[in-house]
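Novice: Take a look at the following structure, please.
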Amino acid sequence: LAGEDAVKYAGEQYLPRLEGQADGEYSAYKARASFFNATARTADGYLGLVFRRPPFIKVPEGGSVLGRALEAFANDADMLGTSLADYARNVVKEVVAVGRAGTLVDWEGESEQRVYASLYTAEQILNWRMERIHGRNVLTLLCLYERVRGMGDDADEFETKEGEQIRVLKLVKRGPEQSQAGRASSPSEPSGENMAAARGDRSPYPAYVVEIWRKEKATPSTLSPQSSTSQKERWVMVDRRVPLRFGQPLPLIPFVFHGASNFLPGVEKLPLADVIAVNLDHYRLDADYKHGMHFTALPTAWVSGFDKSDPLRVGSSTAWVTDTIGAAAGFLEYTGQGLTTFERAMDRDERQMAILGARLLETQKRVGEAAEAIELRQSGENSILGSLAASVGHSLTQVLRWAYWWNSTEALPEDVGRDQVLIELNTDFSTKGLSAQ
């Protein structure tokens with residue numbers, strides 16, 4: 001997906017070295033190859049088909065306080081200026097590419113006092129745990145990797161340092177000591193009674209807690225001279241907080257998974273996995289084809305019966321003369337069907353990629369074709385893409401439910417119905433239009 005530079009930078013991960021190749025020979029072998037990026041073109045084509053029409057977004061009208069809050073969320077979903085429609089496009093782009101993404105719905109309580117969404121890629125979702133509580137599957141632990149700017153001392157105002165941190169989201173059990181009468185409760189650590197009231201039932205996981213972990217260097221006093229590099233850095237918790245809503249902790253982790261066929265935490269198969277496999281095979285075939293052309297395309301002069309000590313220059317301004325009877329000269333030129341085999345194999349791969357989903361790569365027919373015939377040829381990929389669009393639409397609707405819930409009085413986000421908030425992505429990819437009649 002990242003393109004030819006990234007694929008070639010990976011080296012032998014995608015293009016194995018030929019037997020006996022030195023480093024310089026392998027570098028030339030790799031440089032001659034051309035990466036035909038059918039995968040990225042297919043992903044862009046899928047994204048364009050889904051957003052041929054803007055998504056349908058249903059939120060309360062702006063006359064009420066709730067309506068104004070949801071309207072502000074639709075205009076700027078992530079507090080970075082991204083509208084909800086563009087945010088949906090970013091989610092679909094991630095799901096098409098790697099089959100997975102996630103959204104954390106949080107509340108900004110310092111200046112703007114509003115709800116916002118944060119998009120996490122598949123690589124940032126490190127760990128999670130689901131548990132069965134009172135007949136339903138509940139997310140009880142989630143670890144998210146983040147890159148944070150401004151960590152450390154910025155001596156140069158034109159250079160911004162970045163650091164790593166892990167955001168741990170979890171539901172905390174209510175221990176016996178939290179239920180004892182008379183125990184003082186602070187705003188950041190509510191009492192067990194308040195946490196149970198916020199949940200509204202007998203759940204053993206009543207409080208949502210956020211922890212921030214960062215790397216720090218160990219002190220010299222705790223290190224031995226034989227300490228390894230990993231021991232010189234360790235993860236420490238630098239912040240712990242209990243987000244509150246109306247003075248009570250949240251009953252669930254406000255995180256939504258996005259997938260190609262559902263919005264469950266489990267990892268699914270990549271939607272483009274089959275295209276990727278053929279795409280890499282095409283890349284390796286092209287490398288061998290260019291390698292063969294390099295060594296066989298240029299003719300090589302040969303002579304027989306000439307004095308080996310005589311210099312022989314190739315060109316029209318010189319003549320080769322010898323007194324040896326039967327002397328001969330000529331050029332070695334490549335003949336046969338060896339390289340044609342590579343050409344046929346690459347053509348076959350390109351046809352397979354078109355069948356698997358890269359229909360934009362298919363050689364266009366030079367004759368007229370009925371719209372019904374085109375629709376039949378593309379029905380397979382349209383059904384896969386339609387399923388993906390429907391799945392992401394459902395998960396984005398769940399994000400809207402969380403945004404609605406943050407600004408309303410419902411007990412749980414599931415209490416917010418589709419008649420109140422809804423996002424539907426385009427699932428009509430047909431090129432057939434209305435008839436003249």
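Naming scheme: A, B, ... for chains in displayed order of the structure tokens; residues 1 onward per chain; ligands 1 onward as shown.
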With only C-alpha atoms as the counted atoms, please give the residues lying no more than 10 Å from Val92 in chain A, apart from itself and same-chain residues fewer than 6 positions off, as a list in words.
Specialist: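 That gives Ala43, Tyr46, Leu47, Val50, Phe51, Asp86, Gly99, Arg100, Ala101, His258, Gly259, Ala260, Leu388, Ala389, Ser391, Val392, Gly393 and Leu425 of chain A.
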Novice: Once you have the residues from the selection above, write them out as an mmCIF file, in the first residue's frame, restricted to C-alpha atoms.
Specialist:
```
data_model
loop_
_atom_site.group_PDB
_atom_site.id
_atom_site.type_symbol
_atom_site.label_atom_id
_atom_site.label_comp_id
_atom_site.auth_asym_id
_atom_site.auth_seq_id
_atom_site.Cartn_x
_atom_site.Cartn_y
_atom_site.Cartn_z
ATOM 1 C CA ALA A 43 -7.938 0.201 -2.207
ATOM 2 C CA TYR A 46 -12.939 0.698 -3.327
ATOM 3 C CA LEU A 47 -12.798 3.900 -1.303
ATOM 4 C CA VAL A 50 -18.091 3.716 -1.255
ATOM 5 C CA PHE A 51 -17.947 7.516 -1.256
ATOM 6 C CA ASP A 86 -14.357 12.724 6.320
ATOM 7 C CA GLY A 99 -9.370 -4.862 7.858
ATOM 8 C CA ARG A 100 -9.331 -3.181 11.256
ATOM 9 C CA ALA A 101 -9.445 0.155 13.094
ATOM 10 C CA HIS A 258 -14.305 -1.232 13.069
ATOM 11 C CA GLY A 259 -14.034 -4.356 10.901
ATOM 12 C CA ALA A 260 -14.755 -5.552 7.385
ATOM 13 C CA LEU A 388 -17.720 -3.894 4.258
ATOM 14 C CA ALA A 389 -19.655 -0.628 3.838
ATOM 15 C CA SER A 391 -20.294 -3.182 8.648
ATOM 16 C CA VAL A 392 -18.452 0.134 8.941
ATOM 17 C CA GLY A 393 -21.783 1.968 8.825
ATOM 18 C CA LEU A 425 -22.576 4.426 3.808
#
```
Novice: How close does range 34-63 of chain A get to range 270-287 of chain A? List, as a Markdown table, each residue of range 34-63 of chain A within 8 Å, its nearest atom pair and the distance in Å to one decimal, counting only C-alpha atoms.
Specialist:
```
| residue | atom | partner | partner_atom | distance |
| --- | --- | --- | --- | --- |
| A:Ser34 | CA | A:Asp286 | CA | 6.5 |
| A:Phe35 | CA | A:Tyr283 | CA | 5.4 |
| A:Phe36 | CA | A:Tyr283 | CA | 6.8 |
| A:Asn37 | CA | A:Asn279 | CA | 7.2 |
| A:Ala38 | CA | A:Asn279 | CA | 6.4 |
| A:Thr39 | CA | A:Ile276 | CA | 6.0 |
| A:Ala43 | CA | A:Leu272 | CA | 7.9 |
```
Novice: Write out as a PyMOL selection string each polymer residue whose atoms come within 12 Å of Gln113 in chain A, counting only C-alpha atoms; drop sequence neighbours fewer than 4 positions from it.
Specialist: chain A and resi 69+72-73+79+106-109+245+406-407
Novice: Nearest residue to Ile384 in chain A out of A:Leu252, A:Asp349, A:Val96, A:Val238, using only C-alpha atoms?
Specialist: A:Val96
Novice: Write out as an mmCIF file with C-alpha atoms, in the first residue's frame each polymer residue whose atoms come within 12 Å of Lys30 in chain A, counting only C-alpha atoms; drop sequence neighbours fewer than 6 positions from it.
Specialist:
```
data_model
loop_
_atom_site.group_PDB
_atom_site.id
_atom_site.type_symbol
_atom_site.label_atom_id
_atom_site.label_comp_id
_atom_site.auth_asym_id
_atom_site.auth_seq_id
_atom_site.Cartn_x
_atom_site.Cartn_y
_atom_site.Cartn_z
ATOM 1 C CA GLU A 4 7.463 0.904 -4.506
ATOM 2 C CA ASP A 5 9.953 2.652 -2.217
ATOM 3 C CA VAL A 7 8.389 -2.476 -0.785
ATOM 4 C CA LYS A 8 11.974 -2.256 -2.040
ATOM 5 C CA TYR A 9 13.177 -0.942 1.328
ATOM 6 C CA ALA A 10 11.876 -4.184 2.896
ATOM 7 C CA GLY A 11 14.383 -6.017 0.663
ATOM 8 C CA GLU A 12 14.401 -9.788 1.006
ATOM 9 C CA GLN A 13 11.123 -9.817 2.926
ATOM 10 C CA TYR A 14 9.317 -9.412 -0.409
ATOM 11 C CA LEU A 15 12.056 -10.183 -2.975
ATOM 12 C CA PRO A 16 14.259 -13.161 -2.030
ATOM 13 C CA ARG A 17 17.916 -13.014 -3.007
ATOM 14 C CA LEU A 18 18.993 -15.335 -5.816
ATOM 15 C CA GLN A 21 24.155 -13.085 -5.252
ATOM 16 C CA ASP A 23 25.107 -7.471 -1.923
ATOM 17 C CA GLY A 24 25.892 -5.301 -4.939
ATOM 18 C CA TYR A 283 6.724 -8.170 -8.352
ATOM 19 C CA ARG A 284 9.021 -11.197 -8.084
ATOM 20 C CA LEU A 285 8.244 -12.266 -11.650
ATOM 21 C CA ASP A 286 9.028 -8.775 -12.897
ATOM 22 C CA ALA A 287 12.381 -8.848 -11.067
ATOM 23 C CA ASP A 288 13.338 -12.132 -12.756
ATOM 24 C CA TYR A 289 12.109 -10.854 -16.124
ATOM 25 C CA LYS A 290 14.171 -7.657 -15.907
ATOM 26 C CA HIS A 291 17.126 -9.662 -14.626
#
```
Novice: I want to know what sits within 12 Å of Leu312 in chain A, based on only C-alpha atoms, with residues of the same chain fewer than 6 positions away left out; could you give that as a VMD selection string?
Specialist: chain A and resid 301 to 303 306 318 to 322 329
Novice: Go ahead and write the residues just picked, N, CA, C and O atoms, as a PDB file, in the first residue's frame.
Specialist:
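Written output follows (selection.pdb):
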```
ATOM      1  N   ALA A 301      29.985  -9.812 -28.695  1.00  0.00           N
ATOM      2  CA  ALA A 301      30.856 -10.207 -29.818  1.00  0.00           C
ATOM      3  C   ALA A 301      31.689 -11.423 -29.448  1.00  0.00           C
ATOM      4  O   ALA A 301      32.122 -11.572 -28.314  1.00  0.00           O
ATOM      5  N   TRP A 302      31.934 -12.313 -30.464  1.00  0.00           N
ATOM      6  CA  TRP A 302      32.802 -13.467 -30.265  1.00  0.00           C
ATOM      7  C   TRP A 302      33.683 -13.635 -31.511  1.00  0.00           C
ATOM      8  O   TRP A 302      33.289 -13.286 -32.628  1.00  0.00           O
ATOM      9  N   VAL A 303      34.899 -14.141 -31.333  1.00  0.00           N
ATOM     10  CA  VAL A 303      35.828 -14.369 -32.448  1.00  0.00           C
ATOM     11  C   VAL A 303      36.491 -15.710 -32.260  1.00  0.00           C
ATOM     12  O   VAL A 303      36.632 -16.206 -31.138  1.00  0.00           O
ATOM     13  N   PHE A 306      41.620 -15.653 -34.082  1.00  0.00           N
ATOM     14  CA  PHE A 306      42.348 -14.386 -33.998  1.00  0.00           C
ATOM     15  C   PHE A 306      43.397 -14.484 -32.897  1.00  0.00           C
ATOM     16  O   PHE A 306      43.229 -15.234 -31.917  1.00  0.00           O
ATOM     17  N   THR A 318      36.609   0.378 -37.569  1.00  0.00           N
ATOM     18  CA  THR A 318      37.727  -0.564 -37.469  1.00  0.00           C
ATOM     19  C   THR A 318      37.396  -1.830 -38.240  1.00  0.00           C
ATOM     20  O   THR A 318      36.222  -2.169 -38.460  1.00  0.00           O
ATOM     21  N   ALA A 319      38.476  -2.521 -38.668  1.00  0.00           N
ATOM     22  CA  ALA A 319      38.312  -3.800 -39.378  1.00  0.00           C
ATOM     23  C   ALA A 319      39.160  -4.849 -38.689  1.00  0.00           C
ATOM     24  O   ALA A 319      40.269  -4.570 -38.232  1.00  0.00           O
ATOM     25  N   TRP A 320      38.618  -6.088 -38.614  1.00  0.00           N
ATOM     26  CA  TRP A 320      39.361  -7.201 -38.016  1.00  0.00           C
ATOM     27  C   TRP A 320      39.986  -8.032 -39.159  1.00  0.00           C
ATOM     28  O   TRP A 320      39.271  -8.503 -40.060  1.00  0.00           O
ATOM     29  N   VAL A 321      41.303  -8.209 -39.134  1.00  0.00           N
ATOM     30  CA  VAL A 321      42.026  -8.934 -40.184  1.00  0.00           C
ATOM     31  C   VAL A 321      42.855 -10.042 -39.545  1.00  0.00           C
ATOM     32  O   VAL A 321      43.512  -9.807 -38.521  1.00  0.00           O
ATOM     33  N   THR A 322      42.819 -11.239 -40.125  1.00  0.00           N
ATOM     34  CA  THR A 322      43.621 -12.359 -39.632  1.00  0.00           C
ATOM     35  C   THR A 322      44.041 -13.241 -40.805  1.00  0.00           C
ATOM     36  O   THR A 322      43.354 -13.317 -41.825  1.00  0.00           O
ATOM     37  N   ALA A 329      33.930 -14.706 -36.909  1.00  0.00           N
ATOM     38  CA  ALA A 329      33.507 -13.722 -35.895  1.00  0.00           C
ATOM     39  C   ALA A 329      31.992 -13.590 -35.977  1.00  0.00           C
ATOM     40  O   ALA A 329      31.377 -13.870 -37.008  1.00  0.00           O
TER      41      ALA A 329
END
```
Novice: Quick one: residues within 9 Å of Tyr145 in chain A, only C-alpha atoms, excluding same-chain residues fewer than 3 positions away - as a list in words?
Specialist: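 In the requested format, the answer is Tyr120, Glu123, Gln124, Ile125, Leu126, Glu164, Gln165, Ile166, Arg167 and Val168 of chain A.
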Novice: For Asp78 in chain A, find every residue with an atom within 9 Å (counting only C-alpha atoms), except residues of its own chain fewer than 2 positions away, and show them as a tab-separated table (two decimals) with N, CA, C and O atoms, in the first residue's frame.
Specialist:
```
chain	number	residue	atom	x	y	z
A	73	PHE	N	-20.31	17.98	16.76
A	73	PHE	CA	-19.54	16.75	16.58
A	73	PHE	C	-19.50	16.34	15.11
A	73	PHE	O	-18.46	15.88	14.62
A	76	ASP	N	-16.98	18.67	13.35
A	76	ASP	CA	-15.58	18.49	13.77
A	76	ASP	C	-15.53	17.29	14.71
A	76	ASP	O	-15.64	17.45	15.93
A	80	LEU	N	-9.80	18.06	15.29
A	80	LEU	CA	-8.70	18.40	14.39
A	80	LEU	C	-9.22	19.01	13.10
A	80	LEU	O	-8.48	19.16	12.14
A	81	GLY	N	-10.52	19.34	13.09
A	81	GLY	CA	-11.13	19.92	11.91
A	81	GLY	C	-11.70	18.92	10.93
A	81	GLY	O	-12.11	19.30	9.83
A	82	THR	N	-11.75	17.64	11.28
A	82	THR	CA	-12.26	16.59	10.39
A	82	THR	C	-13.76	16.42	10.59
A	82	THR	O	-14.20	16.14	11.71
A	83	SER	N	-14.52	16.62	9.52
A	83	SER	CA	-15.97	16.41	9.62
A	83	SER	C	-16.27	14.94	9.82
A	83	SER	O	-15.42	14.07	9.56
A	84	LEU	N	-17.48	14.63	10.25
A	84	LEU	CA	-17.85	13.24	10.49
A	84	LEU	C	-17.82	12.44	9.19
A	84	LEU	O	-17.44	11.26	9.19
A	87	TYR	N	-14.22	11.78	8.56
A	87	TYR	CA	-13.77	10.80	9.55
A	87	TYR	C	-14.20	9.39	9.12
A	87	TYR	O	-13.42	8.43	9.23
A	115	VAL	N	-17.73	16.40	23.24
A	115	VAL	CA	-17.31	15.03	22.93
A	115	VAL	C	-16.51	15.04	21.63
A	115	VAL	O	-16.72	15.89	20.75
A	116	TYR	N	-15.58	14.10	21.53
A	116	TYR	CA	-14.77	13.99	20.31
A	116	TYR	C	-14.34	12.53	20.14
A	116	TYR	O	-14.41	11.72	21.06
A	117	ALA	N	-13.90	12.21	18.92
A	117	ALA	CA	-13.48	10.85	18.58
A	117	ALA	C	-12.02	10.84	18.19
A	117	ALA	O	-11.52	11.79	17.58
A	118	SER	N	-11.32	9.76	18.52
A	118	SER	CA	-9.91	9.57	18.15
A	118	SER	C	-9.79	8.25	17.41
A	118	SER	O	-10.24	7.21	17.90
A	119	LEU	N	-9.19	8.29	16.21
A	119	LEU	CA	-9.04	7.10	15.39
A	119	LEU	C	-7.72	6.39	15.71
A	119	LEU	O	-6.67	7.03	15.76
```
Novice: Do you have the CA of Leu244 in chain A-CA of Ile57 in chain A distance handy?
Specialist: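 Going from CA of Leu244 in chain A over to CA of Ile57 in chain A, I get 27.9 Å.
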Novice: Which residue out of A:Gly62, A:Ala390, A:Tyr334, A:Pro206 has the minimum interatomic distance to Gln248 in chain A when only C-alpha atoms are used?
Specialist: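 Closest to Gln248 in chain A, using only C-alpha atoms: A:Pro206.
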Novice: Could you tell me which of A:Arg132, A:Arg214, A:Ile423, A:Arg114 comes closest to Pro54 in chain A if we count only C-alpha atoms?
Specialist: A:Ile423
